[in-house]
file query_21.tsv (TSV, C-alpha atoms)
chain	number	residue	atom	x	y	z
A	97	MET	CA	0.14	110.35	36.81
A	98	GLY	CA	0.59	106.72	37.72
A	99	LYS	CA	2.82	104.11	36.11
A	100	VAL	CA	2.44	100.86	34.18
A	101	TYR	CA	4.60	97.76	34.53
A	102	LEU	CA	4.46	95.34	31.58
A	103	VAL	CA	5.42	92.13	33.37
A	104	GLY	CA	6.29	88.64	32.19
A	105	ALA	CA	4.72	86.06	34.52
A	106	GLY	CA	6.75	83.15	33.18
A	107	PRO	CA	5.62	79.88	31.60
A	108	GLY	CA	3.25	78.44	34.22
A	109	ASP	CA	5.22	77.18	37.19
A	110	PRO	CA	4.68	80.00	39.72
A	111	GLU	CA	8.24	79.61	41.00
A	112	LEU	CA	9.60	80.58	37.58
A	113	ILE	CA	8.75	84.26	38.03
A	114	THR	CA	11.35	86.93	38.75
A	115	LEU	CA	11.65	88.79	42.04
A	116	LYS	CA	11.06	92.06	40.22
A	117	ALA	CA	7.82	90.70	38.76
A	118	ILE	CA	6.58	89.72	42.23
A	119	LYS	CA	7.33	93.23	43.51
A	120	CYS	CA	5.29	94.67	40.63
A	121	ILE	CA	2.34	92.47	41.61
A	122	GLN	CA	2.67	93.43	45.28
A	123	GLN	CA	2.76	97.16	44.59
A	124	ALA	CA	-0.01	97.30	42.01
A	125	ASP	CA	-3.31	99.08	42.55
A	126	VAL	CA	-4.65	97.41	39.39
A	127	ILE	CA	-3.60	94.13	37.77
A	128	LEU	CA	-4.66	93.17	34.25
A	129	TYR	CA	-3.81	89.50	33.70
A	130	ASP	CA	-4.00	87.01	30.84
A	131	ARG	CA	-5.39	83.48	30.58
A	132	LEU	CA	-2.01	81.75	30.72
A	133	VAL	CA	-0.94	83.47	33.93
A	134	ASN	CA	-0.93	81.06	36.87
A	135	LYS	CA	-3.65	82.38	39.18
A	136	GLU	CA	-1.48	81.46	42.15
A	137	LEU	CA	0.60	84.55	41.39
A	138	LEU	CA	-2.37	86.80	42.14
A	139	SER	CA	-2.03	85.83	45.80
A	140	TYR	CA	0.83	88.33	46.00
A	141	ALA	CA	-1.53	91.20	45.19
A	142	LYS	CA	-2.80	93.66	47.77
A	143	LYS	CA	-6.27	92.82	49.09
A	144	GLU	CA	-7.64	96.10	47.78
A	145	ALA	CA	-6.10	95.72	44.31
A	146	ASP	CA	-8.45	95.55	41.34
A	147	LEU	CA	-7.95	92.33	39.34
A	148	ILE	CA	-9.07	92.49	35.71
A	149	TYR	CA	-9.11	89.39	33.53
A	150	CYS	CA	-8.04	89.95	29.92
A	151	GLY	CA	-8.03	86.31	28.86
A	152	LYS	CA	-7.80	85.34	25.24
A	153	LEU	CA	-8.68	81.94	23.82
A	154	PRO	CA	-7.65	80.73	20.37
A	155	ASP	CA	-9.96	82.41	17.83
A	156	TYR	CA	-11.82	84.23	20.63
A	157	HIS	CA	-10.76	87.40	22.40
A	158	LEU	CA	-12.63	88.12	25.61
A	159	MET	CA	-11.14	91.61	25.66
A	160	LYS	CA	-9.93	93.36	22.51
A	161	GLN	CA	-6.39	94.71	22.49
A	162	GLU	CA	-7.66	98.26	22.10
A	163	THR	CA	-9.77	97.83	25.23
A	164	ILE	CA	-6.70	96.69	27.16
A	165	HIS	CA	-4.87	99.81	25.99
A	166	HIS	CA	-7.81	101.91	27.18
A	167	PHE	CA	-7.72	100.38	30.67
A	168	LEU	CA	-3.95	100.79	31.00
A	169	ILE	CA	-4.13	104.44	30.00
A	170	ARG	CA	-7.21	105.27	32.06
A	171	TYR	CA	-5.94	103.76	35.30
A	172	ALA	CA	-2.45	105.22	34.91
A	173	LYS	CA	-3.85	108.70	34.23
A	174	SER	CA	-5.91	108.42	37.41
A	175	GLY	CA	-2.69	107.97	39.40
A	176	LYS	CA	-2.77	104.18	39.80
A	177	ILE	CA	0.16	101.77	39.74
A	178	VAL	CA	-0.84	99.27	37.06
A	179	THR	CA	0.72	95.86	36.48
A	180	ARG	CA	-0.03	94.24	33.16
A	181	LEU	CA	0.68	90.56	33.86
A	182	LYS	CA	1.37	88.50	30.76
A	183	GLY	CA	2.22	84.82	30.37
A	184	GLY	CA	5.83	84.11	29.43
A	185	ASP	CA	7.65	87.24	28.28
A	186	PRO	CA	5.76	90.39	27.27
A	187	PHE	CA	7.86	90.86	24.12
A	188	VAL	CA	7.70	87.27	22.84
A	189	PHE	CA	4.34	87.00	21.03
A	190	GLY	CA	2.75	88.85	23.95
A	191	ARG	CA	1.80	92.15	22.29
A	192	GLY	CA	3.82	93.92	24.94
A	193	ALA	CA	5.35	96.22	22.35
A	194	GLU	CA	1.90	97.33	21.19
A	195	GLU	CA	0.94	98.19	24.76
A	196	ALA	CA	4.22	100.02	25.33
A	197	GLU	CA	3.63	102.04	22.16
A	198	ALA	CA	0.14	103.01	23.31
A	199	LEU	CA	1.53	104.16	26.67
A	200	ALA	CA	4.41	106.07	25.08
A	201	LYS	CA	1.99	107.88	22.79
A	202	GLN	CA	0.12	109.11	25.88
A	203	LYS	CA	3.41	109.97	27.64
A	204	ILE	CA	2.62	107.52	30.46
A	205	PRO	CA	5.63	106.18	32.41
A	206	PHE	CA	6.17	102.44	32.03
A	207	GLU	CA	8.72	99.69	32.60
A	208	ILE	CA	9.24	96.34	30.91
A	209	VAL	CA	9.89	93.36	33.20
A	210	PRO	CA	11.05	90.36	31.13
A	211	GLY	CA	9.84	86.86	31.90
A	212	ILE	CA	10.90	83.31	31.04
A	213	THR	CA	9.32	82.39	27.73
A	214	SER	CA	7.69	79.01	27.13
A	215	GLY	CA	9.84	78.34	24.07
A	216	ILE	CA	12.77	77.78	26.41
A	217	ALA	CA	11.06	76.68	29.63
A	218	ALA	CA	8.58	74.12	28.28
A	219	ALA	CA	11.34	72.51	26.25
A	220	ALA	CA	13.66	72.39	29.28
A	221	TYR	CA	10.96	70.84	31.47
A	222	ALA	CA	10.48	68.20	28.78
A	223	GLY	CA	14.21	67.44	28.82
A	224	ILE	CA	14.87	69.16	25.49
A	225	PRO	CA	17.68	71.71	25.14
A	226	VAL	CA	16.87	74.26	22.43
A	227	THR	CA	20.59	74.50	21.66
A	228	HIS	CA	23.32	71.88	21.95
A	229	ARG	CA	26.97	71.95	20.92
A	230	ASP	CA	26.56	68.77	18.86
A	231	ALA	CA	23.04	69.27	17.50
A	232	SER	CA	21.90	72.89	17.33
A	233	ALA	CA	23.73	76.18	16.92
A	234	SER	CA	20.58	78.18	16.18
A	235	VAL	CA	17.02	78.44	17.44
A	236	ALA	CA	14.07	80.45	16.17
A	237	PHE	CA	10.94	81.46	18.05
A	238	VAL	CA	8.10	81.22	15.56
A	239	THR	CA	4.39	81.97	15.68
A	240	GLY	CA	2.25	79.10	14.48
A	241	HIS	CA	-0.39	81.42	13.06
A	242	HIS	CA	-0.11	81.81	9.32
A	243	LYS	CA	-1.42	83.83	6.43
A	244	ASN	CA	-2.15	82.34	3.05
A	245	ASP	CA	0.31	84.38	1.02
A	246	GLU	CA	3.66	84.00	-0.70
A	247	LYS	CA	5.62	85.79	2.01
A	248	GLU	CA	4.41	83.27	4.59
A	249	ASP	CA	5.57	80.39	2.40
A	250	GLU	CA	8.95	82.12	1.97
A	251	LYS	CA	9.28	82.38	5.75
A	252	TRP	CA	8.87	78.63	6.20
A	253	ALA	CA	11.35	77.97	3.39
A	254	SER	CA	13.97	79.96	5.31
A	255	LEU	CA	13.13	78.25	8.59
A	256	ALA	CA	13.34	74.78	7.04
A	257	LYS	CA	16.79	75.36	5.58
A	258	GLY	CA	18.50	77.81	7.90
A	259	ILE	CA	17.54	77.06	11.53
A	260	ASP	CA	18.48	74.01	13.59
A	261	THR	CA	15.73	74.22	16.24
A	262	LEU	CA	12.22	75.63	15.80
A	263	ALA	CA	10.21	76.60	18.88
A	264	ILE	CA	6.70	77.20	17.61
A	265	TYR	CA	4.05	79.00	19.66
A	266	MET	CA	0.29	78.69	19.10
A	267	GLY	CA	0.79	76.19	16.32
A	268	VAL	CA	-1.32	73.13	17.13
A	269	GLY	CA	-4.24	74.22	14.98
A	270	ASN	CA	-1.92	74.91	12.04
A	271	LEU	CA	0.32	71.87	12.47
A	272	PRO	CA	-0.74	70.33	9.12
A	273	TYR	CA	0.34	73.51	7.32
A	274	ILE	CA	3.61	73.67	9.27
A	275	GLN	CA	4.36	70.04	8.45
A	276	GLU	CA	3.56	70.59	4.79
A	277	GLN	CA	5.76	73.66	4.49
A	278	LEU	CA	8.77	72.16	6.24
A	279	LEU	CA	8.65	68.94	4.22
A	280	LYS	CA	8.10	70.82	0.98
A	281	ASN	CA	11.16	72.94	1.69
A	282	GLY	CA	13.55	70.10	2.36
A	283	LYS	CA	13.26	69.27	6.06
A	284	SER	CA	13.78	65.55	6.55
A	285	LYS	CA	10.66	63.55	7.34
A	286	GLU	CA	12.72	61.86	10.09
A	287	THR	CA	13.26	65.16	11.93
A	288	PRO	CA	12.21	64.70	15.57
A	289	VAL	CA	9.23	66.71	16.85
A	290	ALA	CA	7.89	67.21	20.36
A	291	LEU	CA	4.75	68.89	21.66
A	292	VAL	CA	4.72	70.03	25.29
A	293	HIS	CA	1.21	70.65	26.58
A	294	TRP	CA	0.83	72.99	29.59
A	295	GLY	CA	4.61	73.02	29.98
A	296	THR	CA	6.13	73.51	33.47
A	297	THR	CA	2.83	72.80	35.27
A	298	ASP	CA	1.84	69.63	37.10
A	299	VAL	CA	-0.41	68.67	34.19
A	300	GLN	CA	2.42	68.86	31.67
A	301	LYS	CA	2.22	66.24	28.94
A	302	THR	CA	4.88	65.67	26.29
A	303	VAL	CA	4.51	63.64	23.10
A	304	THR	CA	7.14	63.00	20.47
A	305	GLY	CA	7.26	61.80	16.91
A	306	THR	CA	8.78	62.70	13.58
A	307	LEU	CA	7.85	65.33	11.05
A	308	GLU	CA	6.28	62.51	9.04
A	309	ASN	CA	4.02	61.05	11.75
A	310	ILE	CA	3.49	63.86	14.26
A	311	LEU	CA	-0.05	64.62	13.06
A	312	ASP	CA	-1.09	61.06	13.89
A	313	VAL	CA	0.58	61.30	17.31
A	314	VAL	CA	-1.16	64.57	18.14
A	315	ARG	CA	-4.51	63.19	17.03
A	316	GLU	CA	-4.12	59.97	19.02
A	317	GLU	CA	-2.97	61.78	22.19
A	318	ASN	CA	-5.56	64.57	21.77
A	319	ILE	CA	-3.01	67.35	22.22
A	320	LYS	CA	-4.54	70.83	22.22
A	321	ASN	CA	-3.37	74.35	22.95
A	322	PRO	CA	-1.58	75.64	24.94
A	323	SER	CA	1.32	73.58	23.64
A	324	MET	CA	4.85	74.36	22.49
A	325	ILE	CA	6.06	72.62	19.36
A	326	ILE	CA	9.78	71.87	19.27
A	327	ILE	CA	11.26	70.67	15.98
A	328	GLY	CA	14.86	69.61	15.51
A	329	GLU	CA	17.55	67.09	16.42
A	330	VAL	CA	17.62	68.38	20.00
A	331	VAL	CA	14.37	66.51	20.66
A	332	ARG	CA	16.37	63.26	20.65
A	333	TYR	CA	18.03	64.29	23.94
A	334	ARG	CA	14.71	63.99	25.76
A	335	GLU	CA	15.15	60.23	26.20
A	336	LYS	CA	18.40	60.80	28.08
A	337	ILE	CA	17.66	63.91	30.14
A	338	LYS	CA	13.90	64.11	30.69
A	339	TRP	CA	13.46	64.88	34.35
A	340	PHE	CA	10.26	66.73	35.15
A	341	GLU	CA	7.68	64.04	34.43
A	342	GLU	CA	9.80	61.52	36.30
A	343	LYS	CA	10.04	63.90	39.25
A	344	MET	CA	6.26	64.34	39.19
A	345	GLN	CA	5.87	60.59	39.64
A	346	THR	CA	8.07	60.51	42.73
A	347	SER	CA	7.44	63.81	44.51
A	348	SER	CA	4.80	66.45	45.11
A	349	PRO	CA	4.08	68.81	42.20
A	350	ILE	CA	5.89	72.14	42.01
A	351	SER	CA	2.78	74.10	41.11
A	352	GLU	CA	-0.95	73.76	41.10
A	353	ALA	CA	-2.73	73.01	37.84
A	354	LEU	CA	-3.93	76.09	36.03

call {"tool": "encode", "arguments": {"input": "query_21.tsv", "output": "structure tokens"}}
result
Amino acid sequence: MGKVYLVGAGPGDPELITLKAIKCIQQADVILYDRLVNKELLSYAKKEADLIYCGKLPDYHLMKQETIHHFLIRYAKSGKIVTRLKGGDPFVFGRGAEEAEALAKQKIPFEIVPGITSGIAAAAYAGIPVTHRDASASVAFVTGHHKNDEKEDEKWASLAKGIDTLAIYMGVGNLPYIQEQLLKNGKSKETPVALVHWGTTDVQKTVTGTLENILDVVREENIKNPSMIIIGEVVRYREKIKWFEEKMQTSSPISEAL
């Protein structure tokens, strides 16, 4: 019996990966990696390691989740060390728990290796703190996907009234719905909003606006996924402490474009 490591590869900058994660890549006989993993990290792999791409695009899955489970189980049962390399953190909208459940059901040994999630890192690289003593005592990580039902509307009502900072993943396509729900449930139209496209990479682009005009900003700037949406008063701090884009203008980039 082999073993599976469910590993967070971090948000994009290849230097934002943990030492433990690098060791998992180096030791692996098989690596299954996602679309948002910086390919530079694969240079740590053994030459003889099998590299399997499991990329998923919005509304299009190259490899179904059940197929990924099948590969993890098959390779581990054949005695291989398997590293499942996932962008960000495996347990933050990464389906890591589903993969862990599948492995546990087959009694296959596994470990979870946390990674830096984009909800924190992309915001930080844009000069936005997700919490601040004067502006935000709470932050919620939220999926931007939505279902057209009452429970989904109730969720946004709670988020609008009870959370200071919203870090929204995979939400660009549903931004009109998100805007509608937050405004409908009492969020001020003047609430600052930022979108960080390809956060922490040398092609990072950040745009800001308000809850009232952010749709126009996104349309004008042609912002697509992958982008983090940060909503809350903390966005105002960007003008004072933005650092990464300014550093990019004066020094060599930290990481290669993905």

call {"tool": "residues_around", "arguments": {"input": "query_21.tsv", "residues": "stretch 312-314 of chain A", "least_positions_apart": "3", "cutoff": "10 Å", "atoms": "all atoms listed in the file", "output": "number ranges by chain"}}
result
A: 268, 271, 290-291, 303-306, 308-309, 317-320

call {"tool": "write_last_selection", "arguments": {"input": "query_21.tsv", "atoms": "C-alpha atoms", "output": "PDB file, keeping the file's coordinate frame"}}
result
ATOM      1  CA  VAL A 268      -1.320  73.130  17.130  1.00  0.00           C
ATOM      2  CA  LEU A 271       0.320  71.870  12.470  1.00  0.00           C
ATOM      3  CA  ALA A 290       7.890  67.210  20.360  1.00  0.00           C
ATOM      4  CA  LEU A 291       4.750  68.890  21.660  1.00  0.00           C
ATOM      5  CA  VAL A 303       4.510  63.640  23.100  1.00  0.00           C
ATOM      6  CA  THR A 304       7.140  63.000  20.470  1.00  0.00           C
ATOM      7  CA  GLY A 305       7.260  61.800  16.910  1.00  0.00           C
ATOM      8  CA  THR A 306       8.780  62.700  13.580  1.00  0.00           C
ATOM      9  CA  GLU A 308       6.280  62.510   9.040  1.00  0.00           C
ATOM     10  CA  ASN A 309       4.020  61.050  11.750  1.00  0.00           C
ATOM     11  CA  GLU A 317      -2.970  61.780  22.190  1.00  0.00           C
ATOM     12  CA  ASN A 318      -5.560  64.570  21.770  1.00  0.00           C
ATOM     13  CA  ILE A 319      -3.010  67.350  22.220  1.00  0.00           C
ATOM     14  CA  LYS A 320      -4.540  70.830  22.220  1.00  0.00           C
TER      15      LYS A 320
END

call {"tool": "residues_around", "arguments": {"input": "query_21.tsv", "residues": "A:Ala263", "least_positions_apart": "5", "cutoff": "8 Å", "atoms": "only C-alpha atoms", "output": "ChimeraX atom specification"}}
result
/A:215,226,235-238,324-327

call {"tool": "atom_distance", "arguments": {"input": "query_21.tsv", "atom1": "atom CA of A:Asp249", "atom2": "atom CA of A:Val289"}}
result
20.2 Å

call {"tool": "atom_distance", "arguments": {"input": "query_21.tsv", "atom1": "atom CA of A:Ala253", "atom2": "atom CA of A:Gly267"}}
result
16.8 Å

call {"tool": "atom_distance", "arguments": {"input": "query_21.tsv", "atom1": "atom CA of A:Cys150", "atom2": "atom CA of A:Lys301"}}
result
25.9 Å

call {"tool": "closest_residue", "arguments": {"input": "query_21.tsv", "among": "A:Gly258, A:Gly175, A:Gly295, A:Pro186", "to": "A:Glu341", "atoms": "only C-alpha atoms"}}
result
A:Gly295

call {"tool": "build_atoms", "arguments": {"input": "query_21.tsv", "residues": "stretch 163-181 of chain A", "atoms": "N, CA, C and O atoms", "output": "short mmCIF file (atom, residue, chain, number, x, y, z; two decimals), in the frame of the given file"}}
result
data_model
loop_
_atom_site.label_atom_id
_atom_site.label_comp_id
_atom_site.auth_asym_id
_atom_site.auth_seq_id
_atom_site.Cartn_x
_atom_site.Cartn_y
_atom_site.Cartn_z
N THR A 163 -9.14 97.65 23.92
CA THR A 163 -9.77 97.83 25.23
C THR A 163 -8.73 97.73 26.35
O THR A 163 -8.77 98.49 27.33
N ILE A 164 -7.79 96.81 26.18
CA ILE A 164 -6.70 96.69 27.16
C ILE A 164 -5.90 97.98 27.20
O ILE A 164 -5.58 98.50 28.28
N HIS A 165 -5.58 98.53 26.04
CA HIS A 165 -4.87 99.81 25.99
C HIS A 165 -5.66 100.89 26.75
O HIS A 165 -5.08 101.68 27.51
N HIS A 166 -6.95 100.90 26.53
CA HIS A 166 -7.81 101.91 27.18
C HIS A 166 -7.72 101.79 28.70
O HIS A 166 -7.59 102.82 29.40
N PHE A 167 -7.79 100.58 29.23
CA PHE A 167 -7.72 100.38 30.67
C PHE A 167 -6.36 100.82 31.22
O PHE A 167 -6.28 101.47 32.27
N LEU A 168 -5.29 100.42 30.55
CA LEU A 168 -3.95 100.79 31.00
C LEU A 168 -3.80 102.30 31.10
O LEU A 168 -3.30 102.85 32.09
N ILE A 169 -4.25 102.98 30.06
CA ILE A 169 -4.13 104.44 30.00
C ILE A 169 -5.03 105.11 31.03
O ILE A 169 -4.59 106.01 31.76
N ARG A 170 -6.25 104.64 31.15
CA ARG A 170 -7.21 105.27 32.06
C ARG A 170 -6.75 105.16 33.51
O ARG A 170 -6.76 106.15 34.26
N TYR A 171 -6.34 103.94 33.91
CA TYR A 171 -5.94 103.76 35.30
C TYR A 171 -4.65 104.51 35.61
O TYR A 171 -4.49 105.09 36.69
N ALA A 172 -3.70 104.50 34.67
CA ALA A 172 -2.45 105.22 34.91
C ALA A 172 -2.69 106.72 35.01
O ALA A 172 -2.12 107.39 35.88
N LYS A 173 -3.56 107.26 34.18
CA LYS A 173 -3.85 108.70 34.23
C LYS A 173 -4.58 109.09 35.50
O LYS A 173 -4.56 110.27 35.89
N SER A 174 -5.22 108.12 36.14
CA SER A 174 -5.91 108.42 37.41
C SER A 174 -4.97 108.27 38.61
O SER A 174 -5.40 108.37 39.76
N GLY A 175 -3.68 108.03 38.33
CA GLY A 175 -2.69 107.97 39.40
C GLY A 175 -2.42 106.59 39.95
O GLY A 175 -1.72 106.45 40.96
N LYS A 176 -2.94 105.54 39.31
CA LYS A 176 -2.77 104.18 39.80
C LYS A 176 -1.44 103.56 39.35
O LYS A 176 -0.91 103.90 38.29
N ILE A 177 -0.94 102.64 40.17
CA ILE A 177 0.16 101.77 39.74
C ILE A 177 -0.49 100.54 39.10
O ILE A 177 -1.25 99.82 39.75
N VAL A 178 -0.19 100.32 37.84
CA VAL A 178 -0.84 99.27 37.06
C VAL A 178 0.19 98.21 36.67
O VAL A 178 1.25 98.55 36.13
N THR A 179 -0.12 96.96 36.94
CA THR A 179 0.72 95.86 36.48
C THR A 179 -0.04 95.07 35.43
O THR A 179 -1.13 94.55 35.70
N ARG A 180 0.53 95.03 34.26
CA ARG A 180 -0.03 94.24 33.16
C ARG A 180 0.71 92.91 33.17
O ARG A 180 1.89 92.83 32.78
N LEU A 181 0.05 91.86 33.63
CA LEU A 181 0.68 90.56 33.86
C LEU A 181 0.41 89.65 32.66
O LEU A 181 -0.74 89.32 32.37
#
